[in-house]
>>> print(open('start31.pdb').read())   # PDB, C-alpha atoms
ATOM      1  CA  MET K   1     -21.659  10.263  -6.627
ATOM      2  CA  SER K   2     -18.858  12.002  -4.702
ATOM      3  CA  VAL K   3     -18.602  11.410  -0.960
ATOM      4  CA  THR K   4     -16.143  11.993   1.876
ATOM      5  CA  HIS K   5     -14.399   9.018   3.457
ATOM      6  CA  SER K   6     -14.489  10.279   7.065
ATOM      7  CA  ARG K   7     -11.543   8.284   8.421
ATOM      8  CA  SER K   8      -9.080   9.542   5.826
ATOM      9  CA  GLY K   9     -10.803  12.802   4.885
ATOM     10  CA  LYS K  10     -10.445  11.916   1.191
ATOM     11  CA  LYS K  11     -13.014  12.674  -1.485
ATOM     12  CA  VAL K  12     -14.153   9.454  -3.158
ATOM     13  CA  ARG K  13     -16.195   8.980  -6.314
ATOM     14  CA  LEU K  14     -18.473   5.977  -6.028
ATOM     15  CA  SER K  15     -18.541   3.940  -9.217
ATOM     16  CA  SER K  16     -19.139   0.299 -10.133
ATOM     17  CA  SER K  17     -21.867   0.065  -7.497
ATOM     18  CA  HIS K  18     -23.750  -3.214  -7.264
ATOM     19  CA  LYS K  19     -26.940  -4.241  -5.508
ATOM     20  CA  LEU K  20     -26.502  -7.562  -3.734
ATOM     21  CA  PHE K  21     -29.311 -10.033  -3.099
ATOM     22  CA  ALA K  22     -28.500 -13.628  -2.149
ATOM     23  CA  ASN K  23     -26.026 -14.828  -4.819
ATOM     24  CA  GLU K  24     -27.175 -12.258  -7.383
ATOM     25  CA  ARG K  25     -25.829  -8.794  -8.076
ATOM     26  CA  GLU K  26     -26.696  -6.055 -10.520
ATOM     27  CA  THR K  27     -25.138  -2.711 -11.401
ATOM     28  CA  MET K  28     -27.164   0.222 -10.107
ATOM     29  CA  ASP K  29     -27.055   4.020 -10.039
ATOM     30  CA  GLU K  30     -29.704   4.652  -7.383
ATOM     31  CA  ALA K  31     -30.255   3.044  -3.988
ATOM     32  CA  PHE K  32     -32.781   3.303  -1.172
ATOM     33  CA  PRO K  33     -32.682   2.662   2.610
ATOM     34  CA  GLY K  34     -32.365  -1.069   3.238
ATOM     35  CA  ASP K  35     -30.493  -1.845   0.029
ATOM     36  CA  ILE K  36     -27.196  -3.703   0.431
ATOM     37  CA  ILE K  37     -24.627  -2.122  -1.871
ATOM     38  CA  GLY K  38     -21.241  -3.445  -2.906
ATOM     39  CA  LEU K  39     -18.619  -0.881  -3.974
ATOM     40  CA  VAL K  40     -15.946  -2.384  -6.197
ATOM     41  CA  GLY K  41     -12.315  -1.265  -6.164
ATOM     42  CA  HIS K  42     -12.091   0.591  -2.827
ATOM     43  CA  SER K  43      -9.438  -1.283  -0.859
ATOM     44  CA  ASP K  44      -9.017   1.587   1.630
ATOM     45  CA  PHE K  45     -12.477   1.061   3.130
ATOM     46  CA  GLY K  46     -12.601  -0.671   6.511
ATOM     47  CA  ILE K  47     -15.262  -1.969   8.860
ATOM     48  CA  GLY K  48     -17.162   0.905  10.472
ATOM     49  CA  ASP K  49     -16.013   3.565   7.994
ATOM     50  CA  THR K  50     -18.449   6.379   7.163
ATOM     51  CA  LEU K  51     -19.147   7.641   3.648
ATOM     52  CA  THR K  52     -21.083  10.914   3.544
ATOM     53  CA  THR K  53     -21.866  13.901   1.345
ATOM     54  CA  GLU K  54     -21.840  16.092   4.479
ATOM     55  CA  SER K  55     -18.349  16.215   5.974
ATOM     56  CA  ALA K  56     -19.717  17.467   9.332
ATOM     57  CA  ILE K  57     -21.319  14.051   9.887
ATOM     58  CA  VAL K  58     -18.804  11.899  11.757
ATOM     59  CA  TYR K  59     -19.231   8.653  13.696
ATOM     60  CA  ASN K  60     -16.636   7.242  16.061
ATOM     61  CA  GLU K  61     -15.234   3.863  15.085
ATOM     62  CA  ILE K  62     -16.884   0.590  16.089
ATOM     63  CA  PRO K  63     -14.974  -0.963  19.041
ATOM     64  CA  ARG K  64     -13.370  -4.332  18.359
ATOM     65  CA  PHE K  65     -13.686  -7.349  20.608
ATOM     66  CA  THR K  66     -10.619  -8.022  22.744
ATOM     67  CA  PRO K  67      -8.448 -10.780  21.187
ATOM     68  CA  GLU K  68      -8.006 -14.011  23.127
ATOM     69  CA  SER K  69      -6.043 -16.052  20.554
ATOM     70  CA  PHE K  70      -2.564 -15.261  19.243
ATOM     71  CA  ALA K  71      -0.433 -16.916  16.571
ATOM     72  CA  TYR K  72       2.541 -16.217  14.344
ATOM     73  CA  LEU K  73       1.811 -16.421  10.625
ATOM     74  CA  HIS K  74       4.750 -17.721   8.600
ATOM     75  CA  ASN K  75       5.262 -17.495   4.857
ATOM     76  CA  PRO K  76       6.819 -20.867   3.890
ATOM     77  CA  ASN K  77       7.240 -19.886   0.232
ATOM     78  CA  THR K  78       9.584 -16.905  -0.088
ATOM     79  CA  SER K  79       8.878 -16.602  -3.820
ATOM     80  CA  LYS K  80       5.282 -15.689  -2.910
ATOM     81  CA  PHE K  81       6.211 -13.023  -0.364
ATOM     82  CA  LYS K  82       4.633 -10.198  -2.379
ATOM     83  CA  GLN K  83       1.299 -12.020  -2.642
ATOM     84  CA  PHE K  84       1.505 -13.031   1.043
ATOM     85  CA  ARG K  85       2.103  -9.451   2.179
ATOM     86  CA  GLN K  86      -0.483  -7.950  -0.176
ATOM     87  CA  GLY K  87      -3.153 -10.396   0.969
ATOM     88  CA  LEU K  88      -2.370  -9.941   4.647
ATOM     89  CA  ASP K  89      -2.464  -6.142   4.333
ATOM     90  CA  GLN K  90      -5.862  -6.347   2.627
ATOM     91  CA  LEU K  91      -7.292  -8.630   5.318
ATOM     92  CA  LEU K  92      -5.994  -6.296   8.030
ATOM     93  CA  GLN K  93      -7.634  -3.355   6.273
ATOM     94  CA  GLU K  94     -10.942  -5.231   6.174
ATOM     95  CA  GLY K  95     -10.742  -5.956   9.886
ATOM     96  CA  VAL K  96     -10.660  -9.735   9.475
ATOM     97  CA  ILE K  97      -7.728  -9.930  11.879
ATOM     98  CA  GLN K  98      -5.543  -7.708  14.065
ATOM     99  CA  ILE K  99      -1.756  -7.597  14.001
ATOM    100  CA  LEU K 100       0.727  -6.808  16.768
ATOM    101  CA  HIS K 101       4.445  -6.043  16.660
ATOM    102  CA  LEU K 102       6.583  -7.151  19.599
ATOM    103  CA  LYS K 103       8.842  -4.406  20.891
ATOM    104  CA  ASP K 104      12.595  -5.012  20.789
ATOM    105  CA  SER K 105      12.133  -8.123  18.647
ATOM    106  CA  THR K 106      14.322  -9.040  15.696
ATOM    107  CA  VAL K 107      11.681 -11.481  14.409
ATOM    108  CA  LYS K 108       9.631  -9.991  11.555
ATOM    109  CA  VAL K 109       6.991 -12.743  11.483
ATOM    110  CA  PRO K 110       3.495 -11.204  11.869
ATOM    111  CA  LEU K 111       1.831 -11.820  15.236
ATOM    112  CA  LEU K 112      -1.897 -12.170  14.614
ATOM    113  CA  ALA K 113      -4.513 -11.484  17.285
ATOM    114  CA  ALA K 114      -8.092 -12.726  17.065
ATOM    115  CA  VAL K 115     -11.144 -13.397  19.194
ATOM    116  CA  GLY K 116     -10.960 -17.092  18.284
ATOM    117  CA  PRO K 117      -8.848 -19.512  16.219
ATOM    118  CA  LEU K 118     -11.485 -19.671  13.463
ATOM    119  CA  GLN K 119     -10.342 -16.226  12.318
ATOM    120  CA  PHE K 120      -6.866 -17.627  11.689
ATOM    121  CA  GLU K 121      -8.385 -20.297   9.446
ATOM    122  CA  VAL K 122     -10.253 -17.605   7.502
ATOM    123  CA  VAL K 123      -6.996 -15.701   6.970
ATOM    124  CA  GLN K 124      -5.173 -18.793   5.728
ATOM    125  CA  TYR K 125      -8.019 -19.812   3.428
ATOM    126  CA  ARG K 126      -8.326 -16.363   1.850
ATOM    127  CA  LEU K 127      -4.565 -15.981   1.432
ATOM    128  CA  GLN K 128      -4.497 -19.282  -0.445
ATOM    129  CA  SER K 129      -7.704 -18.897  -2.486
ATOM    130  CA  GLU K 130      -7.477 -15.186  -3.359
ATOM    131  CA  TYR K 131      -3.730 -14.554  -3.491
ATOM    132  CA  GLY K 132      -2.199 -17.992  -4.054
ATOM    133  CA  ALA K 133      -0.077 -17.557  -0.940
ATOM    134  CA  GLU K 134       0.580 -20.459   1.413
ATOM    135  CA  SER K 135       0.938 -19.839   5.147
ATOM    136  CA  ARG K 136       1.802 -21.699   8.326
ATOM    137  CA  LEU K 137       0.494 -20.939  11.812
ATOM    138  CA  GLU K 138       2.595 -21.159  14.963
ATOM    139  CA  ALA K 139       0.763 -20.825  18.268
ATOM    140  CA  ALA K 140       1.938 -17.948  20.483
ATOM    141  CA  PRO K 141       2.108 -18.365  24.282
ATOM    142  CA  TRP K 142      -0.238 -15.518  25.242
ATOM    143  CA  THR K 143      -3.964 -15.562  26.009
ATOM    144  CA  VAL K 144      -4.602 -12.050  27.357
ATOM    145  CA  VAL K 145      -3.894  -8.624  25.879
ATOM    146  CA  ARG K 146      -4.373  -5.282  27.627
ATOM    147  CA  TRP K 147      -3.735  -1.765  26.356
ATOM    148  CA  LEU K 148      -1.511   0.656  28.236
ATOM    149  CA  PRO K 149      -2.606   4.263  28.891
ATOM    150  CA  VAL K 150      -1.720   6.484  25.930
ATOM    151  CA  GLU K 151      -0.180   9.113  28.218
ATOM    152  CA  LEU K 152       2.622   6.820  29.418
ATOM    153  CA  GLU K 153       6.072   7.991  28.371
ATOM    154  CA  PRO K 154       8.574   5.541  26.794
ATOM    155  CA  ALA K 155      10.727   5.644  29.936
ATOM    156  CA  GLU K 156       7.713   4.715  32.079
ATOM    157  CA  ILE K 157       6.911   1.776  29.803
ATOM    158  CA  ASP K 158      10.500   0.559  30.004
ATOM    159  CA  ALA K 159      10.300   0.732  33.821
ATOM    160  CA  LEU K 160       7.210  -1.503  34.058
ATOM    161  CA  GLN K 161       7.546  -4.671  36.105
ATOM    162  CA  LEU K 162       6.324  -7.426  33.802
ATOM    163  CA  PRO K 163       5.371 -10.928  34.953
ATOM    164  CA  THR K 164       7.506 -13.743  33.557
ATOM    165  CA  GLY K 165       6.691 -14.442  29.917
ATOM    166  CA  SER K 166       4.857 -11.166  29.365
ATOM    167  CA  ARG K 167       5.799  -8.865  26.482
ATOM    168  CA  VAL K 168       5.100  -5.307  25.394
ATOM    169  CA  ALA K 169       3.864  -4.934  21.821
ATOM    170  CA  VAL K 170       2.393  -2.278  19.541
ATOM    171  CA  ASP K 171      -0.879  -2.544  17.634
ATOM    172  CA  SER K 172      -1.477  -1.309  14.082
ATOM    173  CA  ASP K 173      -2.457   2.159  15.375
ATOM    174  CA  GLY K 174       0.750   2.573  17.365
ATOM    175  CA  ASN K 175      -0.800   1.876  20.788
ATOM    176  CA  GLU K 176       1.308  -0.066  23.315
ATOM    177  CA  VAL K 177      -0.142  -3.256  24.746
ATOM    178  CA  VAL K 178       1.010  -5.922  27.197
ATOM    179  CA  LEU K 179       0.639  -9.604  26.342
ATOM    180  CA  PHE K 180       0.116 -12.033  29.235
ATOM    181  CA  ALA K 181       0.207 -15.817  29.295
ATOM    182  CA  THR K 182      -2.694 -16.025  31.762
ATOM    183  CA  GLN K 183      -5.287 -13.859  33.473
ATOM    184  CA  TRP K 184      -3.401 -14.440  36.707
ATOM    185  CA  ALA K 185      -0.350 -12.746  35.167
ATOM    186  CA  ALA K 186      -2.505  -9.782  34.104
ATOM    187  CA  ASP K 187      -3.860  -9.461  37.654
ATOM    188  CA  TYR K 188      -0.347  -9.717  39.085
ATOM    189  CA  PHE K 189       0.753  -6.878  36.794
ATOM    190  CA  GLY K 190      -1.892  -4.687  38.444
ATOM    191  CA  GLN K 191      -0.453  -5.478  41.867
ATOM    192  CA  THR K 192       3.145  -4.714  40.904
ATOM    193  CA  ASN K 193       2.260  -1.612  38.857
ATOM    194  CA  PRO K 194      -0.579  -0.038  40.885
ATOM    195  CA  LYS K 195      -0.314   3.352  39.174
ATOM    196  CA  VAL K 196      -0.922   1.906  35.695
ATOM    197  CA  THR K 197      -4.514   1.151  34.679
ATOM    198  CA  LEU K 198      -4.764  -1.337  31.824
ATOM    199  CA  MET K 199      -7.634  -1.239  29.320
ATOM    200  CA  ASN K 200      -9.535  -4.144  27.765
ATOM    201  CA  LEU K 201     -10.036  -2.265  24.475
ATOM    202  CA  ALA K 202      -7.795  -0.128  22.309
ATOM    203  CA  PRO K 203      -8.205   3.637  22.704
ATOM    204  CA  ALA K 204     -10.877   4.848  20.297
ATOM    205  CA  ARG K 205      -9.657   7.021  17.458
ATOM    206  CA  ALA K 206     -11.909  10.055  17.851
ATOM    207  CA  LEU K 207     -12.704  11.391  14.401
ATOM    208  CA  GLN K 208     -13.150  15.087  13.805
ATOM    209  CA  PRO K 209     -15.215  16.838  11.132
ATOM    210  CA  GLU K 210     -13.235  18.273   8.236
ATOM    211  CA  GLY K 211     -11.589  21.587   9.103
ATOM    212  CA  LYS K 212     -11.957  21.111  12.882
TER     213      LYS K 212
END
>>> encode(input="start31.pdb", output="C-alpha cells")
Amino acid sequence: MSVTHSRSGKKVRLSSSHKLFANERETMDEAFPGDIIGLVGHSDFGIGDTLTTESAIVYNEIPRFTPESFAYLHNPNTSKFKQFRQGLDQLLQEGVIQILHLKDSTVKVPLLAAVGPLQFEVVQYRLQSEYGAESRLEAAPWTVVRWLPVELEPAEIDALQLPTGSRVAVDSDGNEVVLFATQWAADYFGQTNPKVTLMNLAPARALQPEGK
C-alpha cells in the first residue's frame, strides 16, 4: 500500500506490516479500525505523524508537554561515538526526548530536555541495550524553558536582558528558547522585557496539503 507521509510529503510504500496483540505479532496485509499495526523499517516516522492515501488530509502536530528537567548527556566511550549518535538521533526522531543547543557555546555535549528525569533513564537504557552505547548524565542548572516569539530578529534577541544564569538556546526545529534557573527568573524576564511575550509551548509547525 502506498501512502503519503504528511510531514515530509514523501510517498511511502508500507511493507512488513505486523498486527500486535500483547506479546504476539503476525504479518498481515489487511487491517481494520481498532487494529494496532507495527510498520518495520521506517525510522523517519515520528509521534503524531499522519499516513494517508489522500494528500489533502492533513493534521497539525500533537503539542509536546513543556520540559521541566534538563541534563547534559555525555559519551564516555569515544570509540562508540557512531552508535551513541545514531541511537540518540533515533530516540529524538521517536519523540522520546527533546534536545536543545545553547547559543554561542563551544560545548558540543547534547542538552536533553524532558518532562521528568525518568525519560533520561529511558534514553540511557535504550542507548545501552539497543546500540551498545554507554552514556553519562550531568544535571543542568535550569528548570524552566520558554519559547521566544518567532518574529524576533537576531539583533532583538541579542539585546534581551537576561536574568543571571539564564541562557538562550535553539530547539531541534530552529526555534529560540530561554532557559531559566527558576520560575522567579522567568517572571523577572517578563518585567525587564515587557515587549516580549514568552510561550510555554513551541510554535506549532502548521502542515499544508501537497501543492498548497
>>> closest_atom_pairs(input="start31.pdb", of="stretch 47-93 of chain K", to="stretch 114-136 of chain K", cutoff="10 Å", atoms="all atoms listed in the file", output="JSON lines")
{"residue": "K:Arg64", "atom": "CA", "partner": "K:Val115", "partner_atom": "CA", "distance": 9.4}
{"residue": "K:Phe65", "atom": "CA", "partner": "K:Val115", "partner_atom": "CA", "distance": 6.7}
{"residue": "K:Thr66", "atom": "CA", "partner": "K:Val115", "partner_atom": "CA", "distance": 6.5}
{"residue": "K:Pro67", "atom": "CA", "partner": "K:Val115", "partner_atom": "CA", "distance": 4.3}
{"residue": "K:Glu68", "atom": "CA", "partner": "K:Val115", "partner_atom": "CA", "distance": 5.1}
{"residue": "K:Ser69", "atom": "CA", "partner": "K:Ala114", "partner_atom": "CA", "distance": 5.2}
{"residue": "K:Phe70", "atom": "CA", "partner": "K:Ala114", "partner_atom": "CA", "distance": 6.5}
{"residue": "K:Ala71", "atom": "CA", "partner": "K:Phe120", "partner_atom": "CA", "distance": 8.1}
{"residue": "K:Tyr72", "atom": "CA", "partner": "K:Arg136", "partner_atom": "CA", "distance": 8.2}
{"residue": "K:Leu73", "atom": "CA", "partner": "K:Arg136", "partner_atom": "CA", "distance": 5.8}
{"residue": "K:His74", "atom": "CA", "partner": "K:Arg136", "partner_atom": "CA", "distance": 5.0}
{"residue": "K:Asn75", "atom": "CA", "partner": "K:Ser135", "partner_atom": "CA", "distance": 4.9}
{"residue": "K:Pro76", "atom": "CA", "partner": "K:Ser135", "partner_atom": "CA", "distance": 6.1}
{"residue": "K:Asn77", "atom": "CA", "partner": "K:Glu134", "partner_atom": "CA", "distance": 6.8}
{"residue": "K:Thr78", "atom": "CA", "partner": "K:Ala133", "partner_atom": "CA", "distance": 9.7}
{"residue": "K:Ser79", "atom": "CA", "partner": "K:Ala133", "partner_atom": "CA", "distance": 9.5}
{"residue": "K:Lys80", "atom": "CA", "partner": "K:Ala133", "partner_atom": "CA", "distance": 6.0}
{"residue": "K:Phe81", "atom": "CA", "partner": "K:Ala133", "partner_atom": "CA", "distance": 7.8}
{"residue": "K:Lys82", "atom": "CA", "partner": "K:Ala133", "partner_atom": "CA", "distance": 8.9}
{"residue": "K:Gln83", "atom": "CA", "partner": "K:Tyr131", "partner_atom": "CA", "distance": 5.7}
{"residue": "K:Phe84", "atom": "CA", "partner": "K:Ala133", "partner_atom": "CA", "distance": 5.2}
{"residue": "K:Arg85", "atom": "CA", "partner": "K:Ala133", "partner_atom": "CA", "distance": 9.0}
{"residue": "K:Gln86", "atom": "CA", "partner": "K:Tyr131", "partner_atom": "CA", "distance": 8.1}
{"residue": "K:Gly87", "atom": "CA", "partner": "K:Leu127", "partner_atom": "CA", "distance": 5.8}
{"residue": "K:Leu88", "atom": "CA", "partner": "K:Leu127", "partner_atom": "CA", "distance": 7.2}
{"residue": "K:Gln90", "atom": "CA", "partner": "K:Leu127", "partner_atom": "CA", "distance": 9.8}
{"residue": "K:Leu91", "atom": "CA", "partner": "K:Val123", "partner_atom": "CA", "distance": 7.3}
{"residue": "K:Leu92", "atom": "CA", "partner": "K:Val123", "partner_atom": "CA", "distance": 9.5}
>>> residues_around(input="start31.pdb", residues="K:Tyr188", least_positions_apart="4", cutoff="8 Å", atoms="all atoms listed in the file", output="list of chain:residue names")
K:Pro163, K:Trp184, K:Thr192
>>> closest_residue(input="start31.pdb", among="K:Asp35, K:Val107, K:Trp147, K:Leu51", to="K:Ser2", atoms="only C-alpha atoms")
K:Leu51
>>> atom_distance(input="start31.pdb", atom1="atom CA of K:Ala169", atom2="atom CA of K:His5")
29.4 Å
>>> residues_near_point(input="start31.pdb", point="(8.4, -8.0, 22.8)", cutoff="8 Å", atoms="only C-alpha atoms", output="VMD selection string")
chain K and resid 101 to 105 167 to 169
>>> closest_residue(input="start31.pdb", among="K:Phe45, K:Leu162, K:Asn60, K:Ile97", to="K:Asp187", atoms="only C-alpha atoms")
K:Leu162
>>> closest_residue(input="start31.pdb", among="K:Leu39, K:His18, K:Glu138, K:Gly48", to="K:Val109", atoms="all atoms listed in the file")
K:Glu138
>>> atom_distance(input="start31.pdb", atom1="atom CA of K:Asn23", atom2="atom CA of K:Gln98")
28.8 Å
>>> closest_residue(input="start31.pdb", among="K:Ala186, K:Val58, K:Leu160, K:Glu94", to="K:Asp44", atoms="all atoms listed in the file")
K:Glu94
>>> residues_around(input="start31.pdb", residues="K:Gly46", least_positions_apart="3", cutoff="8 Å", atoms="all atoms listed in the file", output="PDB file with C-alpha atoms, keeping the file's coordinate frame")
ATOM      1  CA  ASP K  49     -16.013   3.565   7.994  1.00  0.00           C
ATOM      2  CA  GLN K  93      -7.634  -3.355   6.273  1.00  0.00           C
ATOM      3  CA  GLU K  94     -10.942  -5.231   6.174  1.00  0.00           C
ATOM      4  CA  GLY K  95     -10.742  -5.956   9.886  1.00  0.00           C
TER       5      GLY K  95
END
>>> atom_distance(input="start31.pdb", atom1="atom CA of K:Phe21", atom2="atom CA of K:Gly38")
10.4 Å
>>> resolve_selection(input="start31.pdb", expression="the PyMOL selection byres ((chain K and resi 157) around 12)", output="number ranges by chain")
K: 103, 147-156, 158-162, 167-170, 175-178, 193, 195-196
>>> residues_around(input="start31.pdb", residues="K:Ser6", least_positions_apart="3", cutoff="8 Å", atoms="all atoms listed in the file", output="number ranges by chain")
K: 9-10, 49-52, 55, 58, 207, 209
>>> write_last_selection(input="start31.pdb", atoms="C-alpha atoms", output="PDB file, in the frame of the given file")
ATOM      1  CA  GLY K   9     -10.803  12.802   4.885  1.00  0.00           C
ATOM      2  CA  LYS K  10     -10.445  11.916   1.191  1.00  0.00           C
ATOM      3  CA  ASP K  49     -16.013   3.565   7.994  1.00  0.00           C
ATOM      4  CA  THR K  50     -18.449   6.379   7.163  1.00  0.00           C
ATOM      5  CA  LEU K  51     -19.147   7.641   3.648  1.00  0.00           C
ATOM      6  CA  THR K  52     -21.083  10.914   3.544  1.00  0.00           C
ATOM      7  CA  SER K  55     -18.349  16.215   5.974  1.00  0.00           C
ATOM      8  CA  VAL K  58     -18.804  11.899  11.757  1.00  0.00           C
ATOM      9  CA  LEU K 207     -12.704  11.391  14.401  1.00  0.00           C
ATOM     10  CA  PRO K 209     -15.215  16.838  11.132  1.00  0.00           C
TER      11      PRO K 209
END
>>> axis_aligned_box(input="start31.pdb", around="stretch 110-114 of chain K", padding_each_side="3 Å", output="JSON")
{"center_x": -2.3, "center_y": -12.0, "center_z": 14.6, "size_x": 17.6, "size_y": 7.5, "size_z": 11.4}
>>> closest_residue(input="start31.pdb", among="K:Lys19, K:Ala181, K:Pro203, K:Lys108", to="K:Pro141", atoms="only C-alpha atoms")
K:Ala181
>>> build_atoms(input="start31.pdb", residues="stretch 137-150 of chain K", atoms="N, CA and C atoms", output="compact mmCIF listing (two decimals), in the frame of the given file")
# COMPACT_ATOMS: atom_id res chain seq x y z
N LEU K 137 0.75 -21.52 10.50
CA LEU K 137 0.49 -20.94 11.81
C LEU K 137 1.40 -21.55 12.88
N GLU K 138 1.84 -20.71 13.79
CA GLU K 138 2.60 -21.16 14.96
C GLU K 138 1.95 -20.52 16.19
N ALA K 139 1.45 -21.34 17.09
CA ALA K 139 0.76 -20.82 18.27
C ALA K 139 1.70 -19.95 19.11
N ALA K 140 1.19 -18.83 19.59
CA ALA K 140 1.94 -17.95 20.48
C ALA K 140 1.51 -18.22 21.93
N PRO K 141 2.37 -17.93 22.90
CA PRO K 141 2.11 -18.36 24.28
C PRO K 141 1.17 -17.48 25.08
N TRP K 142 0.58 -16.45 24.47
CA TRP K 142 -0.24 -15.52 25.24
C TRP K 142 -1.73 -15.77 25.05
N THR K 143 -2.51 -15.40 26.07
CA THR K 143 -3.96 -15.56 26.01
C THR K 143 -4.71 -14.29 26.40
N VAL K 144 -3.98 -13.29 26.89
CA VAL K 144 -4.60 -12.05 27.36
C VAL K 144 -3.81 -10.86 26.81
N VAL K 145 -4.53 -9.86 26.32
CA VAL K 145 -3.89 -8.62 25.88
C VAL K 145 -4.60 -7.45 26.55
N ARG K 146 -3.82 -6.49 27.01
CA ARG K 146 -4.37 -5.28 27.63
C ARG K 146 -3.61 -4.07 27.10
N TRP K 147 -4.34 -2.97 26.89
CA TRP K 147 -3.74 -1.76 26.36
C TRP K 147 -3.25 -0.86 27.48
N LEU K 148 -2.08 -0.28 27.28
CA LEU K 148 -1.51 0.66 28.24
C LEU K 148 -2.09 2.05 28.02
N PRO K 149 -2.12 2.89 29.05
CA PRO K 149 -2.61 4.26 28.89
C PRO K 149 -1.77 5.01 27.86
N VAL K 150 -2.43 5.79 27.01
CA VAL K 150 -1.72 6.48 25.93
C VAL K 150 -0.77 7.55 26.45
